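Raw contents of entry08.tsv, TSV, C-alpha atoms:
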```tsv
chain	number	residue	atom	x	y	z
A	1	MET	CA	0.00	0.00	0.00
A	2	PHE	CA	1.18	3.58	0.55
A	3	THR	CA	1.24	6.34	3.14
A	4	PRO	CA	-1.26	9.09	2.32
A	5	ARG	CA	0.10	12.63	2.32
A	6	PRO	CA	-1.76	15.90	1.71
A	7	ILE	CA	-0.98	17.58	-1.60
A	8	ALA	CA	-3.30	20.52	-0.87
A	9	PHE	CA	-5.84	21.92	1.56
A	10	VAL	CA	-9.39	23.15	0.97
A	11	HIS	CA	-10.54	26.68	1.74
A	12	SER	CA	-14.31	26.34	2.00
A	13	PRO	CA	-17.10	28.36	3.65
A	14	TYR	CA	-17.98	25.39	5.88
A	15	GLN	CA	-16.61	25.32	9.43
A	16	ASP	CA	-18.97	22.64	10.68
A	17	THR	CA	-20.60	19.64	9.00
A	18	SER	CA	-24.03	20.98	10.00
A	19	GLU	CA	-23.52	23.83	7.48
A	20	ILE	CA	-23.05	21.52	4.49
A	21	PRO	CA	-26.21	20.91	2.45
A	22	ARG	CA	-27.16	17.24	2.73
A	23	GLY	CA	-29.92	14.92	1.67
A	24	LEU	CA	-32.44	14.96	-1.15
A	25	GLY	CA	-32.03	17.77	-3.61
A	26	ALA	CA	-28.96	19.18	-1.86
A	27	ARG	CA	-27.03	21.35	-4.27
A	28	HIS	CA	-23.36	22.10	-3.84
A	29	LEU	CA	-22.63	25.51	-5.31
A	30	ALA	CA	-20.20	26.69	-2.65
A	31	GLU	CA	-17.16	28.51	-3.97
A	32	GLY	CA	-13.74	28.40	-2.44
A	33	SER	CA	-10.29	27.20	-3.32
A	34	ILE	CA	-7.85	24.35	-3.21
A	35	GLU	CA	-4.35	25.45	-2.31
A	36	LEU	CA	-1.52	23.16	-3.35
A	37	LEU	CA	1.52	22.79	-1.15
A	38	ARG	CA	4.34	24.62	-2.93
A	39	GLU	CA	6.29	21.44	-3.60
A	40	PHE	CA	3.38	20.02	-5.64
A	41	GLU	CA	2.53	23.17	-7.66
A	42	PRO	CA	4.38	21.97	-10.82
A	43	GLY	CA	1.86	19.12	-10.97
A	44	LEU	CA	-0.84	21.65	-11.93
A	45	ALA	CA	0.68	22.52	-15.33
A	46	ASP	CA	-2.05	22.70	-18.01
A	47	ILE	CA	-4.88	22.08	-15.57
A	48	GLU	CA	-6.50	25.40	-16.58
A	49	GLY	CA	-7.82	23.76	-19.75
A	50	PHE	CA	-10.19	21.51	-17.85
A	51	SER	CA	-13.61	22.73	-16.78
A	52	HIS	CA	-14.21	20.12	-14.09
A	53	LEU	CA	-11.95	18.18	-11.75
A	54	PHE	CA	-12.22	15.15	-9.51
A	55	VAL	CA	-10.96	15.96	-6.03
A	56	LEU	CA	-10.03	13.08	-3.72
A	57	TRP	CA	-9.80	14.12	-0.10
A	58	VAL	CA	-9.76	12.82	3.46
A	59	PHE	CA	-12.69	12.77	5.87
A	60	ASP	CA	-10.14	13.81	8.46
A	61	ARG	CA	-12.73	14.41	11.16
A	62	ALA	CA	-14.31	10.97	10.86
A	63	THR	CA	-13.01	8.79	13.68
A	64	ASP	CA	-14.38	5.35	12.90
A	65	PHE	CA	-16.27	3.45	10.23
A	66	SER	CA	-19.52	1.55	10.04
A	67	LEU	CA	-20.56	-0.91	7.34
A	68	THR	CA	-24.10	0.42	7.47
A	69	ALA	CA	-25.05	4.03	7.03
A	70	HIS	CA	-28.21	6.01	7.66
A	71	PRO	CA	-28.25	8.76	5.04
A	72	PRO	CA	-30.26	11.94	5.61
A	73	ALA	CA	-32.11	11.24	2.36
A	74	ASP	CA	-33.82	8.10	3.63
A	75	ASN	CA	-35.24	6.48	6.74
A	76	ARG	CA	-33.62	3.11	6.02
A	77	ASP	CA	-30.09	1.87	6.57
A	78	HIS	CA	-27.92	1.02	3.56
A	79	GLY	CA	-24.51	-0.54	3.04
A	80	VAL	CA	-21.80	2.09	3.39
A	81	PHE	CA	-20.59	1.45	-0.19
A	82	ALA	CA	-24.08	2.33	-1.47
A	83	THR	CA	-23.85	5.74	0.25
A	84	ARG	CA	-21.55	8.72	0.55
A	85	SER	CA	-21.23	8.37	4.33
A	86	PRO	CA	-17.97	9.76	5.78
A	87	ARG	CA	-17.62	6.72	8.07
A	88	ARG	CA	-15.89	4.46	5.51
A	89	PRO	CA	-13.14	1.81	5.95
A	90	ASN	CA	-10.86	4.14	3.97
A	91	PRO	CA	-12.14	7.64	4.78
A	92	ILE	CA	-11.72	9.10	1.29
A	93	GLY	CA	-14.16	11.63	-0.13
A	94	LEU	CA	-14.73	12.33	-3.82
A	95	THR	CA	-16.11	15.58	-5.17
A	96	VAL	CA	-16.48	16.92	-8.70
A	97	VAL	CA	-15.75	20.65	-8.77
A	98	GLU	CA	-15.92	23.24	-11.50
A	99	LEU	CA	-12.59	24.97	-12.05
A	100	LEU	CA	-13.14	28.74	-12.13
A	101	GLY	CA	-9.51	29.80	-12.40
A	102	ARG	CA	-5.99	29.35	-11.15
A	103	ASP	CA	-3.63	31.71	-9.32
A	104	GLY	CA	-0.30	29.89	-9.01
A	105	PRO	CA	-0.82	27.12	-6.46
A	106	VAL	CA	-4.45	28.10	-5.83
A	107	LEU	CA	-7.37	26.63	-7.78
A	108	ARG	CA	-10.58	28.64	-7.48
A	109	VAL	CA	-13.47	26.21	-7.65
A	110	ARG	CA	-17.25	25.87	-7.34
A	111	GLY	CA	-19.07	22.87	-5.89
A	112	LEU	CA	-17.23	22.29	-2.63
A	113	ASP	CA	-18.94	20.06	-0.09
A	114	MET	CA	-16.10	19.56	2.35
A	115	LEU	CA	-15.05	21.39	5.50
A	116	ASP	CA	-12.58	24.24	5.57
A	117	GLY	CA	-9.08	22.86	6.07
A	118	THR	CA	-9.78	19.45	4.57
A	119	PRO	CA	-6.63	17.72	3.28
A	120	VAL	CA	-6.62	16.79	-0.42
A	121	LEU	CA	-4.97	13.60	-1.70
A	122	ASP	CA	-5.32	13.93	-5.45
A	123	ILE	CA	-6.76	15.98	-8.30
A	124	LYS	CA	-7.65	14.44	-11.65
A	125	PRO	CA	-9.22	15.82	-14.82
A	126	TYR	CA	-12.90	15.02	-15.33
A	127	LEU	CA	-12.95	13.65	-18.86
A	128	SER	CA	-16.35	12.14	-19.58
A	129	SER	CA	-19.77	11.43	-18.15
A	130	ILE	CA	-22.20	8.57	-18.12
A	131	PRO	CA	-25.29	9.76	-20.05
A	132	THR	CA	-27.98	10.72	-17.56
A	133	GLU	CA	-30.52	8.34	-19.05
A	134	LYS	CA	-28.21	5.41	-18.34
A	135	ILE	CA	-27.78	6.10	-14.63
A	136	ARG	CA	-29.87	4.17	-12.11
A	137	ARG	CA	-29.72	5.44	-8.54
A	138	GLY	CA	-31.23	2.64	-6.44
A	139	TRP	CA	-32.48	3.50	-2.98
A	140	LEU	CA	-31.90	7.20	-3.56
A	141	ALA	CA	-34.37	7.33	-6.44
A	142	GLU	CA	-36.88	5.41	-4.31
A	143	ALA	CA	-36.45	7.85	-1.43
A	144	GLU	CA	-36.95	10.79	-3.79
A	145	ALA	CA	-40.10	9.22	-5.26
A	146	CYS	CA	-41.58	8.64	-1.79
A	147	LYS	CA	-41.03	12.22	-0.71
A	148	GLY	CA	-41.82	13.77	-4.08
B	1	MET	CA	-4.45	10.94	7.97
B	2	PHE	CA	-5.22	7.22	7.85
B	3	THR	CA	-3.69	3.87	6.96
B	4	PRO	CA	-5.09	2.54	3.67
B	5	ARG	CA	-6.37	-1.01	3.74
B	6	PRO	CA	-7.81	-3.07	0.86
B	7	ILE	CA	-11.55	-3.67	1.05
B	8	ALA	CA	-11.56	-5.75	-2.15
B	9	PHE	CA	-9.46	-7.01	-5.04
B	10	VAL	CA	-10.03	-6.72	-8.78
B	11	HIS	CA	-10.30	-9.72	-11.09
B	12	SER	CA	-9.54	-8.28	-14.52
B	13	PRO	CA	-8.34	-9.73	-17.82
B	14	TYR	CA	-5.16	-7.60	-17.65
B	15	GLN	CA	-1.96	-9.20	-16.36
B	16	ASP	CA	0.36	-6.49	-17.69
B	17	THR	CA	-0.08	-2.76	-18.17
B	18	SER	CA	0.81	-3.16	-21.86
B	19	GLU	CA	-2.53	-4.97	-22.33
B	20	ILE	CA	-4.66	-2.07	-21.06
B	21	PRO	CA	-6.03	0.20	-23.81
B	22	ARG	CA	-4.45	3.66	-23.44
B	23	GLY	CA	-4.39	6.95	-25.23
B	24	LEU	CA	-6.78	8.70	-27.57
B	25	GLY	CA	-10.06	6.93	-28.13
B	26	ALA	CA	-9.20	4.10	-25.75
B	27	ARG	CA	-12.40	2.38	-24.67
B	28	HIS	CA	-12.62	0.38	-21.51
B	29	LEU	CA	-15.20	-2.35	-21.97
B	30	ALA	CA	-13.36	-5.09	-20.13
B	31	GLU	CA	-15.52	-7.23	-17.89
B	32	GLY	CA	-14.43	-8.76	-14.65
B	33	SER	CA	-15.26	-8.53	-11.00
B	34	ILE	CA	-14.50	-6.84	-7.73
B	35	GLU	CA	-14.40	-9.27	-4.82
B	36	LEU	CA	-14.95	-7.80	-1.39
B	37	LEU	CA	-13.11	-9.21	1.59
B	38	ARG	CA	-15.69	-11.15	3.62
B	39	GLU	CA	-15.50	-8.74	6.55
B	40	PHE	CA	-16.63	-5.85	4.32
B	41	GLU	CA	-19.44	-7.65	2.47
B	42	PRO	CA	-22.22	-6.12	4.63
B	43	GLY	CA	-21.17	-2.72	3.24
B	44	LEU	CA	-22.60	-3.75	-0.15
B	45	ALA	CA	-26.23	-3.85	1.03
B	46	ASP	CA	-28.52	-2.20	-1.57
B	47	ILE	CA	-25.71	-1.58	-4.05
B	48	GLU	CA	-27.54	-3.63	-6.69
B	49	GLY	CA	-29.85	-0.68	-7.37
B	50	PHE	CA	-27.06	1.45	-8.83
B	51	SER	CA	-26.08	1.11	-12.46
B	52	HIS	CA	-22.63	2.69	-12.16
B	53	LEU	CA	-20.05	2.86	-9.39
B	54	PHE	CA	-16.94	4.84	-8.61
B	55	VAL	CA	-14.07	2.53	-7.74
B	56	LEU	CA	-11.07	3.96	-5.89
B	57	TRP	CA	-8.05	1.72	-6.06
B	58	VAL	CA	-4.28	1.64	-5.61
B	59	PHE	CA	-1.66	1.81	-8.35
B	60	ASP	CA	0.15	-0.83	-6.33
B	61	ARG	CA	2.78	-1.47	-8.99
B	62	ALA	CA	3.80	2.20	-9.30
B	63	THR	CA	7.00	2.72	-7.36
B	64	ASP	CA	7.54	6.48	-7.44
B	65	PHE	CA	5.87	9.67	-8.55
B	66	SER	CA	6.66	12.48	-10.93
B	67	LEU	CA	5.03	15.92	-11.05
B	68	THR	CA	5.12	15.86	-14.84
B	69	ALA	CA	3.65	13.13	-16.97
B	70	HIS	CA	3.95	12.18	-20.61
B	71	PRO	CA	0.60	10.67	-21.58
B	72	PRO	CA	0.33	8.33	-24.56
B	73	ALA	CA	-2.31	10.66	-26.03
B	74	ASP	CA	0.09	13.56	-26.57
B	75	ASN	CA	3.69	14.37	-27.40
B	76	ARG	CA	3.94	17.04	-24.70
B	77	ASP	CA	4.46	16.82	-20.96
B	78	HIS	CA	1.69	17.90	-18.61
B	79	GLY	CA	1.33	18.34	-14.86
B	80	VAL	CA	0.50	15.03	-13.23
B	81	PHE	CA	-2.79	16.42	-11.82
B	82	ALA	CA	-3.90	17.22	-15.39
B	83	THR	CA	-3.41	13.56	-16.36
B	84	ARG	CA	-4.36	10.08	-15.22
B	85	SER	CA	-0.72	8.99	-14.83
B	86	PRO	CA	-0.18	6.20	-12.27
B	87	ARG	CA	2.92	7.98	-10.92
B	88	ARG	CA	1.07	10.29	-8.49
B	89	PRO	CA	2.03	11.58	-5.00
B	90	ASN	CA	-0.84	9.47	-3.66
B	91	PRO	CA	-1.09	6.52	-6.07
B	92	ILE	CA	-4.87	6.30	-6.14
B	93	GLY	CA	-6.76	5.36	-9.30
B	94	LEU	CA	-10.39	6.20	-10.04
B	95	THR	CA	-12.57	4.24	-12.45
B	96	VAL	CA	-16.28	4.39	-13.22
B	97	VAL	CA	-17.63	0.90	-13.82
B	98	GLU	CA	-21.04	-0.40	-14.85
B	99	LEU	CA	-22.48	-2.82	-12.32
B	100	LEU	CA	-23.71	-5.93	-14.13
B	101	GLY	CA	-24.70	-7.94	-11.09
B	102	ARG	CA	-23.78	-9.13	-7.62
B	103	ASP	CA	-23.09	-12.60	-6.26
B	104	GLY	CA	-22.59	-12.20	-2.51
B	105	PRO	CA	-19.24	-10.46	-2.05
B	106	VAL	CA	-18.55	-10.35	-5.81
B	107	LEU	CA	-19.59	-7.43	-8.02
B	108	ARG	CA	-19.61	-8.28	-11.73
B	109	VAL	CA	-18.65	-5.12	-13.62
B	110	ARG	CA	-17.83	-3.71	-17.04
B	111	GLY	CA	-15.29	-0.98	-17.72
B	112	LEU	CA	-12.24	-2.18	-15.81
B	113	ASP	CA	-8.94	-0.53	-16.67
B	114	MET	CA	-6.80	-1.87	-13.85
B	115	LEU	CA	-4.55	-4.88	-13.52
B	116	ASP	CA	-5.69	-8.24	-12.18
B	117	GLY	CA	-5.16	-8.32	-8.43
B	118	THR	CA	-5.39	-4.57	-7.91
B	119	PRO	CA	-6.40	-3.63	-4.34
B	120	VAL	CA	-9.56	-1.54	-4.00
B	121	LEU	CA	-9.92	1.17	-1.34
B	122	ASP	CA	-13.49	2.29	-1.75
B	123	ILE	CA	-16.67	1.92	-3.77
B	124	LYS	CA	-19.23	4.71	-4.06
B	125	PRO	CA	-22.49	5.11	-5.99
B	126	TYR	CA	-22.29	7.19	-9.16
B	127	LEU	CA	-25.17	9.62	-8.71
B	128	SER	CA	-24.97	12.29	-11.39
B	129	SER	CA	-23.02	13.53	-14.37
B	130	ILE	CA	-21.78	16.83	-15.68
B	131	PRO	CA	-23.65	17.46	-18.97
B	132	THR	CA	-21.31	16.62	-21.85
B	133	GLU	CA	-21.65	20.05	-23.40
B	134	LYS	CA	-20.28	21.66	-20.22
B	135	ILE	CA	-17.07	19.61	-20.07
B	136	ARG	CA	-13.84	21.14	-21.40
B	137	ARG	CA	-10.92	18.72	-21.71
B	138	GLY	CA	-7.89	20.98	-22.21
B	139	TRP	CA	-4.76	19.42	-23.69
B	140	LEU	CA	-6.58	16.18	-24.38
B	141	ALA	CA	-9.07	17.86	-26.72
B	142	GLU	CA	-6.17	19.62	-28.45
B	143	ALA	CA	-4.32	16.35	-28.91
B	144	GLU	CA	-7.43	14.72	-30.33
B	145	ALA	CA	-7.96	17.61	-32.75
B	146	CYS	CA	-4.37	17.40	-34.00
B	147	LYS	CA	-4.62	13.69	-34.69
B	148	GLY	CA	-8.21	13.70	-35.86
```
I'd like the structure from this file rewritten - as structure tokens, please.
Amino acid sequence: MFTPRPIAFVHSPYQDTSEIPRGLGARHLAEGSIELLREFEPGLADIEGFSHLFVLWVFDRATDFSLTAHPPADNRDHGVFATRSPRRPNPIGLTVVELLGRDGPVLRVRGLDMLDGTPVLDIKPYLSSIPTEKIRRGWLAEAEACKG
Amino acid sequence: MFTPRPIAFVHSPYQDTSEIPRGLGARHLAEGSIELLREFEPGLADIEGFSHLFVLWVFDRATDFSLTAHPPADNRDHGVFATRSPRRPNPIGLTVVELLGRDGPVLRVRGLDMLDGTPVLDIKPYLSSIPTEKIRRGWLAEAEACKG
């Protein structure tokens, strides 16, 4: 395996998890930035050409994991791998952000859903999408239909 | 931070990286499976309802990283975070797979692009896409245009 190290930290408007929109219909439009550690800045070359990025980050305030999760969107438990619960065996979060601009080591982005100060493990270009009509969303679609 | 641990291993048709389609127009239609370790199987509850999954995994045969990468799709170097190079500061891979079915701890999937035996760190439901017309793909689109 490997030893995770932060390559960057998030500057977000969220100081507490209670401030982050969750559950059905939650939209993540928060703007902020991702600031690379100076030693990793050369790794950003040519990133400006991409409109969207995958950000892999650490749920650094999660202290334990559970194989079942109780998402805010539903009143039933689900397996943790069928949810976005922070309490995962490997506490890695994944967010797609829109890249608004770059100032040296700082990426200005929209769509943050993580806490201020969150450590980032990796950034990758978002290259393609699954067509919407081909996506099935299991229990989440059922929960939406019940509350609709 | 945290200590990464495998939750699953990939069974793929690829024994060597030279067998994995790379570069412009590469399509990943390989079928195979992701076999959860028994202790993590309860975390799969209700995953059958999702058509596509994010798989986070380890480039366990990468031995070092480089902040610049030379992708097969282009004759220029780019920053590693603007590529999918395996030689990353945190050697984590990300693949979207189509879930074909589940047999207990085994997920049958399409779209594998990792080697047989690759350790998996996390599985998450794929919930939504960026509309294709909103995605810009920087150097990759340029490289495609030049070779088109």
Can you write out as CSV which residues of chain B fall within 8 Å of chain A, alongside each residue's closest atom pair and its distance in Å to one decimal, counting all atoms listed in the file and ordering rows by chain and ascending residue number?
```
residue,atom,partner,partner_atom,distance
B:Met1,CA,A:Asp60,CA,6.4
B:Phe2,CA,A:Pro4,CA,7.1
B:Thr3,CA,A:Thr3,CA,6.7
B:Pro4,CA,A:Asn90,CA,6.0
B:Arg5,CA,A:Asn90,CA,6.8
B:Ile7,CA,A:Pro89,CA,7.5
B:Phe40,CA,A:Leu67,CA,7.0
B:Pro42,CA,A:Leu67,CA,6.1
B:Gly43,CA,A:Gly79,CA,4.0
B:Leu44,CA,A:Gly79,CA,4.9
B:Ala45,CA,A:Gly79,CA,4.2
B:Asp46,CA,A:His78,CA,6.1
B:Ile47,CA,A:Ala82,CA,5.0
B:Glu48,CA,A:Gly138,CA,7.3
B:Gly49,CA,A:Gly138,CA,3.7
B:Phe50,CA,A:Arg137,CA,4.8
B:Ser51,CA,A:Arg136,CA,4.9
B:His52,CA,A:Ile135,CA,6.7
B:Val58,CA,A:Met1,CA,7.2
B:Asp60,CA,A:Met1,CA,6.4
B:Leu67,CA,A:Gly43,CA,4.5
B:Thr68,CA,A:Gly43,CA,6.0
B:His78,CA,A:Ala45,CA,5.8
B:Gly79,CA,A:Gly43,CA,4.0
B:Val80,CA,A:Gly43,CA,4.9
B:Phe81,CA,A:Lys124,CA,5.3
B:Ala82,CA,A:Ile47,CA,5.0
B:Thr83,CA,A:Lys124,CA,6.4
B:Arg84,CA,A:Lys124,CA,6.5
B:Arg88,CA,A:Asp122,CA,8.0
B:Pro89,CA,A:Ile7,CA,7.5
B:Asn90,CA,A:Pro4,CA,6.0
B:Pro91,CA,A:Phe2,CA,7.6
B:Ile92,CA,A:Asp122,CA,7.7
B:Leu121,CA,A:Asn90,CA,6.2
B:Asp122,CA,A:Asn90,CA,6.6
B:Ile123,CA,A:Phe81,CA,5.3
B:Lys124,CA,A:Phe81,CA,5.2
B:Pro125,CA,A:Ala82,CA,5.5
B:Tyr126,CA,A:Arg137,CA,7.7
B:Leu127,CA,A:Arg137,CA,6.2
B:Ser128,CA,A:Thr132,CA,7.0
B:Ser129,CA,A:Ser129,CA,5.4
B:Ile130,CA,A:Ser129,CA,6.3
B:Pro131,CA,A:Ser129,CA,7.2
B:Thr132,CA,A:Ser129,CA,6.6
B:Lys134,CA,A:Ser51,CA,7.6
B:Ile135,CA,A:Ser51,CA,5.7
B:Arg136,CA,A:Ser51,CA,4.9
B:Arg137,CA,A:Phe50,CA,4.8
B:Gly138,CA,A:Gly49,CA,3.7
B:Trp139,CA,A:Gly49,CA,6.6
```
The distance between CA of Leu112 (chain A) and CA of Ile20 (chain A) is 9.2 Å
Who sits within 6 Å of Ile34 (chain B), all atoms listed in the file, same chain under 5 positions skipped, as a list in words
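Listed by chain and then number, they are Phe9, Val10, Val106 and Leu107 of chain B.
The shortest atom-to-atom distance to Leu36 (chain A), with only C-alpha atoms taken into account, belongs to A:Arg102 out of A:Arg102, A:Arg22, A:His70, A:Lys147.
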Take CA of Ala26 (chain A) and CA of Val109 (chain B) and report the distance between them in Å, one decimal.
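A separation of 28.9 Å between them.
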Work out how far apart CA of Glu19 (chain A) and CA of Thr118 (chain A) are and give it in Å to one decimal.
14.7 Å
Once you count only C-alpha atoms, which residues end up no further than 6 Å from (-17.6, -10.0, -13.3) in the file's frame, shown as a compact mmCIF listing (two decimals) with C-alpha atoms, in the frame of the given file?
```txt
# COMPACT_ATOMS: atom_id res chain seq x y z
CA GLU B 31 -15.52 -7.23 -17.89
CA GLY B 32 -14.43 -8.76 -14.65
CA SER B 33 -15.26 -8.53 -11.00
CA ARG B 108 -19.61 -8.28 -11.73
CA VAL B 109 -18.65 -5.12 -13.62
```
A:Ala62, A:Ala73, A:Val55, A:Met114: which is nearest Leu99 (chain A), counting all atoms listed in the file?
A:Val55
Please determine, counting all atoms listed in the file, which residue among A:Thr17, A:Ala30, A:Phe65, A:Arg76 has the shortest atom-to-atom distance to Gly111 (chain A).
A:Ala30
Using all atoms listed in the file, which residue out of B:Asn75, B:Arg87, B:Arg110, B:Pro105 lies closest to Leu29 (chain B)?
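Ranked by minimum distance to Leu29 (chain B), first place goes to B:Arg110.
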